[in-house]
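Asks: So here's coords-v2.txt, just compact mmCIF, C-alpha atoms:
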# COMPACT_ATOMS: atom_id res chain seq x y z
CA MET B 1 -69.50 55.49 192.30
CA GLU B 2 -72.80 55.94 194.11
CA ASN B 3 -72.28 53.54 197.03
CA ALA B 4 -70.65 50.29 198.10
CA ASP B 5 -71.80 47.45 200.31
CA PRO B 6 -70.64 46.62 203.00
CA ALA B 7 -70.71 50.30 203.83
CA ASN B 8 -67.45 50.27 205.81
CA ALA B 9 -65.39 50.43 202.61
CA ALA B 10 -62.66 53.06 202.48
CA THR B 11 -62.73 54.89 199.15
CA THR B 12 -60.39 57.45 197.63
CA ALA B 13 -61.88 60.79 196.67
CA PRO B 14 -61.85 61.44 192.90
CA THR B 15 -59.60 64.24 191.72
CA GLN B 16 -59.53 66.20 188.50
CA GLY B 17 -58.19 64.09 185.66
CA GLU B 18 -58.27 60.92 187.73
CA LYS B 19 -59.31 57.83 185.77
CA SER B 20 -59.59 55.41 188.68
CA ARG B 21 -60.38 55.26 192.36
CA ILE B 22 -59.71 52.70 195.07
CA ILE B 23 -62.30 50.88 197.18
CA ASP B 24 -60.85 49.00 200.15
CA TRP B 25 -62.70 46.52 202.38
CA GLN B 26 -60.89 45.12 205.40
CA GLN B 27 -61.81 42.52 208.03
CA VAL B 28 -64.91 41.41 206.12
CA PRO B 29 -66.35 38.19 207.63
CA PRO B 30 -67.36 35.40 205.23
CA GLN B 31 -70.99 35.78 206.29
CA ASP B 32 -73.16 38.87 206.38
CA PRO B 33 -74.21 39.36 210.05
CA ASP B 34 -77.38 41.18 208.96
CA HIS B 35 -78.54 38.40 206.62
CA ASN B 36 -80.75 35.51 207.74
CA TYR B 37 -79.13 32.52 206.03
CA SER B 38 -81.06 29.34 205.28
CA GLN B 39 -79.57 25.88 205.62
CA LEU B 40 -78.84 25.84 201.88
CA GLN B 41 -76.78 29.03 202.21
CA GLU B 42 -74.44 27.80 204.94
CA ARG B 43 -71.61 27.51 202.42
CA ARG B 44 -70.40 30.91 203.64
CA SER B 45 -70.49 33.19 200.65
CA ARG B 46 -70.27 36.97 200.78
CA SER B 47 -71.21 39.56 198.17
CA LEU B 48 -69.37 42.86 197.69
CA THR B 49 -71.56 45.34 195.82
CA ILE B 50 -70.62 48.50 193.94
CA ARG B 51 -73.35 50.74 192.53
CA PHE B 52 -72.31 53.17 189.82
CA GLU B 53 -73.74 56.66 189.76
CA ARG B 54 -73.46 57.17 185.98
CA PRO B 55 -73.64 54.88 182.93
CA ILE B 56 -70.63 52.56 182.63
CA PRO B 57 -68.32 53.55 179.72
CA PRO B 58 -67.61 50.55 177.44
CA GLN B 59 -63.84 50.79 178.04
CA SER B 60 -64.12 50.58 181.84
CA THR B 61 -62.44 47.81 183.84
CA LEU B 62 -62.63 46.73 187.46
CA SER B 63 -59.35 45.47 188.89
CA GLY B 64 -58.40 44.43 192.37
CA ARG B 65 -57.06 41.87 194.79
CA ILE B 66 -58.90 39.64 197.24
CA GLU B 67 -57.02 38.41 200.30
CA ALA B 68 -58.63 35.79 202.52
CA THR B 69 -57.24 34.14 205.64
CA PHE B 70 -58.51 30.77 206.87
CA GLU B 71 -57.84 28.86 210.06
CA GLY B 72 -55.91 25.64 209.43
CA THR B 73 -54.05 24.49 206.33
CA VAL B 74 -55.00 22.58 203.21
CA SER B 75 -52.23 20.04 203.86
CA GLY B 76 -53.40 19.38 207.40
CA VAL B 77 -50.20 20.69 209.05
CA THR B 78 -51.00 21.94 212.54
CA GLY B 79 -47.61 23.23 213.75
CA ILE B 80 -43.82 22.82 213.72
CA GLY B 81 -41.39 20.93 215.91
CA VAL B 82 -37.82 21.83 216.92
CA TYR B 83 -35.17 19.10 217.31
CA LEU B 84 -31.63 19.26 218.69
CA PRO B 85 -28.55 18.40 216.52
CA GLY B 86 -28.52 14.88 217.89
CA GLY B 87 -32.12 14.32 216.87
CA ARG B 88 -33.62 14.69 220.33
CA HIS B 89 -36.86 16.61 220.67
CA ALA B 90 -36.20 20.04 222.20
CA GLU B 91 -37.83 20.74 225.54
CA ARG B 92 -38.89 24.21 224.51
CA GLN B 93 -41.16 24.22 221.51
CA PRO B 94 -42.39 27.39 219.74
CA VAL B 95 -46.05 28.28 220.04
CA SER B 96 -47.45 28.21 216.50
CA SER B 97 -50.78 28.69 214.80
CA ALA B 98 -51.64 27.32 211.36
CA LYS B 99 -53.44 29.58 208.89
CA THR B 100 -53.93 29.68 205.14
CA ARG B 101 -53.70 32.94 203.23
CA VAL B 102 -55.12 33.16 199.70
CA MET B 103 -54.57 36.10 197.36
CA VAL B 104 -56.38 36.46 194.03
CA ASP B 105 -55.78 39.25 191.52
CA PHE B 106 -58.60 39.90 189.05
CA THR B 107 -59.61 42.22 186.22
CA VAL B 108 -63.19 42.42 184.93
CA ASP B 109 -64.10 44.16 181.68
CA LEU B 110 -67.23 46.14 182.59
CA GLY B 111 -67.96 46.84 178.93
CA ALA B 112 -69.02 43.21 178.53
CA ILE B 113 -71.57 43.23 181.38
CA ARG B 114 -73.23 46.57 180.62
CA TYR B 115 -75.16 45.10 177.68
CA GLN B 116 -78.86 44.56 178.36
CA ASP B 117 -81.66 43.72 175.98
CA ASP B 118 -85.00 41.90 175.83
CA ARG B 119 -85.30 38.53 174.11
CA VAL B 120 -88.85 37.43 173.30
CA VAL B 121 -89.27 33.76 172.40
CA PRO B 122 -90.20 33.08 169.67
CA ASP B 123 -88.93 36.05 167.66
CA GLU B 124 -90.04 36.11 164.01
CA ASN B 125 -86.86 38.04 163.11
CA ASN B 126 -84.60 35.38 164.65
CA ALA B 127 -83.76 32.41 162.40
CA ASP B 128 -83.23 30.18 165.45
CA ASP B 129 -86.91 30.61 166.36
CA ALA B 130 -88.29 29.58 162.95
CA LYS B 131 -89.47 26.18 164.25
CA ARG B 132 -90.71 27.45 167.61
CA SER B 133 -94.45 27.92 168.02
CA ARG B 134 -95.76 30.89 169.95
CA LEU B 135 -98.35 28.74 171.70
CA ASP B 136 -97.83 25.27 173.17
CA GLU B 137 -101.00 23.46 174.21
CA PHE B 138 -101.17 20.41 176.47
CA ALA B 139 -104.66 18.89 176.27
CA GLY B 140 -105.70 16.74 179.20
CA VAL B 141 -103.42 18.49 181.70
CA VAL B 142 -105.25 20.11 184.58
CA PRO B 143 -103.46 23.39 185.50
CA ASN B 144 -102.85 23.26 189.24
CA TYR B 145 -100.05 23.56 191.79
CA SER B 146 -98.83 20.03 190.97
CA VAL B 147 -98.18 20.94 187.32
CA ILE B 148 -96.39 24.16 188.31
CA THR B 149 -94.24 22.27 190.84
CA THR B 150 -93.26 19.70 188.20
CA LEU B 151 -92.42 22.48 185.73
CA THR B 152 -90.27 24.48 188.16
CA ASP B 153 -88.48 21.31 189.28
CA ALA B 154 -87.62 20.55 185.63
CA ILE B 155 -86.38 24.12 185.13
CA SER B 156 -84.20 23.90 188.25
CA LYS B 157 -82.63 20.61 187.09
CA ASP B 158 -81.32 22.46 184.01
CA ASP B 159 -79.40 24.88 186.29
CA TYR B 160 -81.96 27.67 186.02
CA TYR B 161 -82.63 29.54 189.26
CA VAL B 162 -86.37 30.02 189.89
CA LYS B 163 -86.78 33.29 191.79
CA SER B 164 -90.57 33.57 192.10
CA VAL B 165 -93.83 31.86 191.16
CA ILE B 166 -96.89 34.13 191.27
CA GLU B 167 -100.41 32.78 190.85
CA HIS B 168 -103.02 35.28 189.72
CA ALA B 169 -106.61 35.14 190.94
CA PRO B 170 -108.63 32.57 188.93
CA TYR B 171 -111.49 33.95 186.85
CA ARG B 172 -114.37 32.66 184.70
CA ASP B 173 -115.48 33.73 181.24
CA ASP B 174 -119.02 35.08 181.00
CA SER B 175 -119.71 32.94 177.94
CA ARG B 176 -118.26 29.73 179.43
CA ALA B 177 -119.41 29.24 183.00
CA ASP B 178 -117.80 25.79 183.24
CA VAL B 179 -114.31 27.13 182.43
CA LEU B 180 -112.00 28.39 185.17
CA ASN B 181 -108.98 30.30 183.87
CA ARG B 182 -105.77 30.10 185.88
CA VAL B 183 -102.57 32.09 185.29
CA TRP B 184 -99.04 31.88 186.73
CA ASP B 185 -95.93 33.98 186.18
CA ILE B 186 -92.59 32.21 186.70
CA THR B 187 -89.44 34.33 186.88
CA GLY B 188 -85.84 33.32 187.37
CA ARG B 189 -82.25 33.65 186.27
CA PHE B 190 -79.60 31.68 184.39
CA TYR B 191 -75.87 32.41 184.38
CA THR B 192 -73.54 32.08 181.43
CA GLY B 193 -70.27 32.49 183.28
CA VAL B 194 -70.74 35.74 185.23
CA PHE B 195 -73.39 37.08 182.84
CA PRO B 196 -76.95 36.86 184.20
CA ILE B 197 -79.94 36.14 181.95
CA ASP B 198 -83.35 36.78 183.53
CA PHE B 199 -86.35 34.88 182.21
CA ASP B 200 -90.11 35.30 182.54
CA ILE B 201 -92.52 32.46 181.65
CA HIS B 202 -96.26 33.10 181.38
CA PHE B 203 -98.32 29.96 182.04
CA ARG B 204 -102.06 29.91 181.43
CA GLY B 205 -104.45 27.00 181.87
CA GLU B 206 -108.15 26.25 181.64
CA GLU B 207 -110.01 23.97 184.02
CA ILE B 208 -113.13 22.65 182.31
CA GLN B 209 -115.63 20.97 184.61
CA GLY B 210 -117.59 17.92 183.54
CA ALA B 211 -121.27 17.29 184.05
CA SER B 212 -120.62 16.26 187.65
CA GLY B 213 -118.88 19.55 188.38
CA ARG B 214 -115.52 17.86 188.85
CA VAL B 215 -112.32 19.14 187.25
CA CYS B 216 -111.35 16.34 184.90
CA GLY B 217 -108.38 15.03 183.03
CA GLU B 218 -108.34 13.38 179.62
CA ASP B 219 -110.16 10.26 180.90
CA CYS B 220 -113.21 12.10 182.29
CA GLY B 221 -115.46 11.97 179.29
CA PRO B 222 -116.70 15.33 177.97
CA GLY B 223 -114.88 17.32 180.66
CA HIS B 224 -111.10 17.85 180.48
CA GLY B 225 -108.30 19.99 181.80
CA GLN B 226 -106.08 21.99 179.49
CA GLY B 227 -102.82 23.77 180.19
CA VAL B 228 -101.50 26.41 177.82
CA VAL B 229 -98.06 28.04 177.93
CA ARG B 230 -98.51 31.33 176.14
CA HIS B 231 -94.93 32.52 175.76
CA GLY B 232 -91.62 32.95 177.52
CA ARG B 233 -89.29 35.95 177.74
CA GLU B 234 -85.59 36.24 178.40
CA ARG B 235 -84.03 39.53 179.52
CA ARG B 236 -80.32 39.94 178.95
Once more with this new file: its structure as structure tokens, please.
Replies:
Amino acid sequence: MENADPANAATTAPTQGEKSRIIDWQQVPPQDPDHNYSQLQERRSRSLTIRFERPIPPQSTLSGRIEATFEGTVSGVTGIGVYLPGGRHAERQPVSSAKTRVMVDFTVDLGAIRYQDDRVVPDENNADDAKRSRLDEFAGVVPNYSVITTLTDAISKDDYYVKSVIEHAPYRDDSRADVLNRVWDITGRFYTGVFPIDFDIHFRGEEIQGASGRVCGEDCGPGHGQGVVRHGRERR
């Protein structure tokens, strides 16, 4: 193990012939005090990170127990009452506090998450990509921030997490002065269970100006806008 986060973890020192070591976090709050949470992140989640120093052997497993204590109870019980044998409420009542304690034991097979490969779509060697074209053209669509916003919103609705949208500096071709080339790179992640799949979409569009110098759509006569998605990549 190279390091663990939060850094206050107590770890056992490896000995000769030892096949496992223990990492122990205690009194970890549900929120990271050093992290600036947004309103969308107020659900109180906390990440525990372990970085391995060497490649993970395929037979490795990660086992442990998580214990969490919460104020209050799921049932809504707030305390207890003591009654005398005759049914009368006792004058002296115990001071009580209601808490919920949750314990979860887990085992994760690290051999399953060490796999990583590049997936280029479409792949001529993949039968599933036989009907996928390498280039999708959308004539009459002016490539601008509105198109990119619509595209990323559609991706997010399919449970894909959009991490970044980078717009490159527009440029013109020397042979076509009326054409403005625009390029975006969209990156993100999708989870299949606990397995992350990163994706990279390259979006390229051409703005063709009409005689009036305006950027036009399909109803602007000889001028038009054209958006072209060159290809997408998935990294697993």
Asks: What separation in Å, quoted to one decimal, exists between atom CA of Gln16 of chain B and atom CA of Leu62 of chain B?
Replies: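 Separation between atom CA of Gln16 of chain B and atom CA of Leu62 of chain B: 19.7 Å.
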Asks: From the set B:Gly188, B:Pro6, B:Gly140, B:Gly205, which residue has the shortest atom-to-atom contact distance to Tyr161 of chain B, counting all atoms listed in the file?
Replies: B:Gly188
Asks: Which polymer residues have any atom within 10 Å of an atom of Asp5 of chain B, counting all atoms listed in the file, with same-chain residues fewer than 4 positions away left out, as a ChimeraX atom specification?
Replies: /B:9,25,47-51
Asks: Give me, please, the distance in Å between atom CA of Ser20 of chain B and atom CA of Ala7 of chain B, quoted to one decimal.
Replies: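 It comes out at 19.5 Å.
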Asks: Find the residue from B:Ala98, B:Phe52, B:Asp128, B:Pro143 that sits nearest to Val179 of chain B; use only C-alpha atoms when measuring.
Replies: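 The closest residue to Val179 of chain B is B:Pro143.
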Asks: Would you mind reading off the distance between atom CA of Asp185 of chain B and atom CA of Asp200 of chain B, one decimal, in Å?
Replies: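 Distance between the two atoms: 7.0 Å.
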Asks: Kindly indicate which residue among B:Ser156, B:Phe199, B:Ser133, B:Val147 lies nearest to Arg182 of chain B, using all atoms listed in the file for the distances.
Replies: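 Of B:Ser156, B:Phe199, B:Ser133, B:Val147, the one nearest Arg182 of chain B, counting all atoms listed in the file, is B:Val147.
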Asks: Between B:Glu2, B:Gly193, B:Leu180, B:His89, which residue has the minimum interatomic distance to Pro55 of chain B, considering only C-alpha atoms?
Replies: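 Distance minimum relative to Pro55 of chain B lands on B:Glu2.
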Asks: From the list B:Gln209, B:Thr192, B:Asn126, B:Thr152, which residue is nearest Asp178 of chain B when using all atoms listed in the file?
Replies: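 Checking each of B:Gln209, B:Thr192, B:Asn126, B:Thr152 against Asp178 of chain B, counting all atoms listed in the file, the winner is B:Gln209.
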Asks: Which of these, B:Val108, B:Ala4, B:Ala68, B:Gln59, has the shortest distance to Lys19 of chain B once you count only C-alpha atoms?
Replies: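 Among B:Val108, B:Ala4, B:Ala68, B:Gln59, it is B:Gln59 that comes nearest to Lys19 of chain B.
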Asks: Skipping near chain neighbours, those fewer than 5 positions away, what residues fall within 10 Å of Gln26 of chain B using all atoms listed in the file, listed as a compact mmCIF listing (two decimals) with C-alpha atoms, in the coordinates of the input?
Replies:
# COMPACT_ATOMS: atom_id res chain seq x y z
CA ASN B 8 -67.45 50.27 205.81
CA ALA B 9 -65.39 50.43 202.61
CA ALA B 10 -62.66 53.06 202.48
CA GLU B 67 -57.02 38.41 200.30
Asks: Taking the partial coordinates given, rebuild segment 87-107 of chain B to contain N, CA and C atoms; return it as a PDB file, in the frame of the given file.
Replies:
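Below is the file rebuild.pdb, written as the result:
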ATOM      1  N   GLY B  87     -30.839  14.932 217.232  1.00  0.00           N
ATOM      2  CA  GLY B  87     -32.120  14.320 216.870  1.00  0.00           C
ATOM      3  C   GLY B  87     -33.116  14.299 217.984  1.00  0.00           C
ATOM      4  N   ARG B  88     -32.694  14.714 219.198  1.00  0.00           N
ATOM      5  CA  ARG B  88     -33.620  14.690 220.330  1.00  0.00           C
ATOM      6  C   ARG B  88     -34.585  15.866 220.255  1.00  0.00           C
ATOM      7  N   HIS B  89     -35.817  15.588 220.665  1.00  0.00           N
ATOM      8  CA  HIS B  89     -36.860  16.610 220.670  1.00  0.00           C
ATOM      9  C   HIS B  89     -36.551  17.675 221.711  1.00  0.00           C
ATOM     10  N   ALA B  90     -36.520  18.955 221.279  1.00  0.00           N
ATOM     11  CA  ALA B  90     -36.200  20.040 222.200  1.00  0.00           C
ATOM     12  C   ALA B  90     -37.280  20.198 223.255  1.00  0.00           C
ATOM     13  N   GLU B  91     -36.858  20.566 224.473  1.00  0.00           N
ATOM     14  CA  GLU B  91     -37.830  20.740 225.540  1.00  0.00           C
ATOM     15  C   GLU B  91     -38.710  21.963 225.298  1.00  0.00           C
ATOM     16  N   ARG B  92     -38.112  22.993 224.788  1.00  0.00           N
ATOM     17  CA  ARG B  92     -38.890  24.210 224.510  1.00  0.00           C
ATOM     18  C   ARG B  92     -39.319  24.217 223.040  1.00  0.00           C
ATOM     19  N   GLN B  93     -40.600  24.214 222.848  1.00  0.00           N
ATOM     20  CA  GLN B  93     -41.160  24.220 221.510  1.00  0.00           C
ATOM     21  C   GLN B  93     -41.862  25.566 221.261  1.00  0.00           C
ATOM     22  N   PRO B  94     -41.725  26.107 220.049  1.00  0.00           N
ATOM     23  CA  PRO B  94     -42.390  27.390 219.740  1.00  0.00           C
ATOM     24  C   PRO B  94     -43.903  27.226 219.686  1.00  0.00           C
ATOM     25  N   VAL B  95     -44.579  28.262 220.138  1.00  0.00           N
ATOM     26  CA  VAL B  95     -46.050  28.280 220.040  1.00  0.00           C
ATOM     27  C   VAL B  95     -46.414  28.732 218.626  1.00  0.00           C
ATOM     28  N   SER B  96     -47.129  27.900 217.904  1.00  0.00           N
ATOM     29  CA  SER B  96     -47.450  28.210 216.500  1.00  0.00           C
ATOM     30  C   SER B  96     -48.948  28.103 216.262  1.00  0.00           C
ATOM     31  N   SER B  97     -49.384  28.781 215.245  1.00  0.00           N
ATOM     32  CA  SER B  97     -50.780  28.690 214.800  1.00  0.00           C
ATOM     33  C   SER B  97     -50.779  28.521 213.289  1.00  0.00           C
ATOM     34  N   ALA B  98     -51.596  27.630 212.797  1.00  0.00           N
ATOM     35  CA  ALA B  98     -51.640  27.320 211.360  1.00  0.00           C
ATOM     36  C   ALA B  98     -52.774  28.081 210.698  1.00  0.00           C
ATOM     37  N   LYS B  99     -52.450  28.838 209.665  1.00  0.00           N
ATOM     38  CA  LYS B  99     -53.440  29.580 208.890  1.00  0.00           C
ATOM     39  C   LYS B  99     -53.096  29.489 207.413  1.00  0.00           C
ATOM     40  N   THR B 100     -54.105  29.664 206.591  1.00  0.00           N
ATOM     41  CA  THR B 100     -53.930  29.680 205.140  1.00  0.00           C
ATOM     42  C   THR B 100     -54.319  31.044 204.605  1.00  0.00           C
ATOM     43  N   ARG B 101     -53.443  31.634 203.817  1.00  0.00           N
ATOM     44  CA  ARG B 101     -53.700  32.940 203.230  1.00  0.00           C
ATOM     45  C   ARG B 101     -53.784  32.800 201.718  1.00  0.00           C
ATOM     46  N   VAL B 102     -54.877  33.257 201.147  1.00  0.00           N
ATOM     47  CA  VAL B 102     -55.120  33.160 199.700  1.00  0.00           C
ATOM     48  C   VAL B 102     -55.222  34.560 199.128  1.00  0.00           C
ATOM     49  N   MET B 103     -54.516  34.806 198.037  1.00  0.00           N
ATOM     50  CA  MET B 103     -54.570  36.100 197.360  1.00  0.00           C
ATOM     51  C   MET B 103     -54.923  35.867 195.889  1.00  0.00           C
ATOM     52  N   VAL B 104     -55.919  36.582 195.418  1.00  0.00           N
ATOM     53  CA  VAL B 104     -56.380  36.460 194.030  1.00  0.00           C
ATOM     54  C   VAL B 104     -56.429  37.841 193.400  1.00  0.00           C
ATOM     55  N   ASP B 105     -55.705  38.019 192.310  1.00  0.00           N
ATOM     56  CA  ASP B 105     -55.780  39.250 191.520  1.00  0.00           C
ATOM     57  C   ASP B 105     -56.762  39.049 190.370  1.00  0.00           C
ATOM     58  N   PHE B 106     -57.582  40.041 190.095  1.00  0.00           N
ATOM     59  CA  PHE B 106     -58.600  39.900 189.050  1.00  0.00           C
ATOM     60  C   PHE B 106     -58.760  41.203 188.283  1.00  0.00           C
ATOM     61  N   THR B 107     -59.238  41.081 187.065  1.00  0.00           N
ATOM     62  CA  THR B 107     -59.610  42.220 186.220  1.00  0.00           C
ATOM     63  C   THR B 107     -60.877  41.845 185.460  1.00  0.00           C
TER      64      THR B 107
END
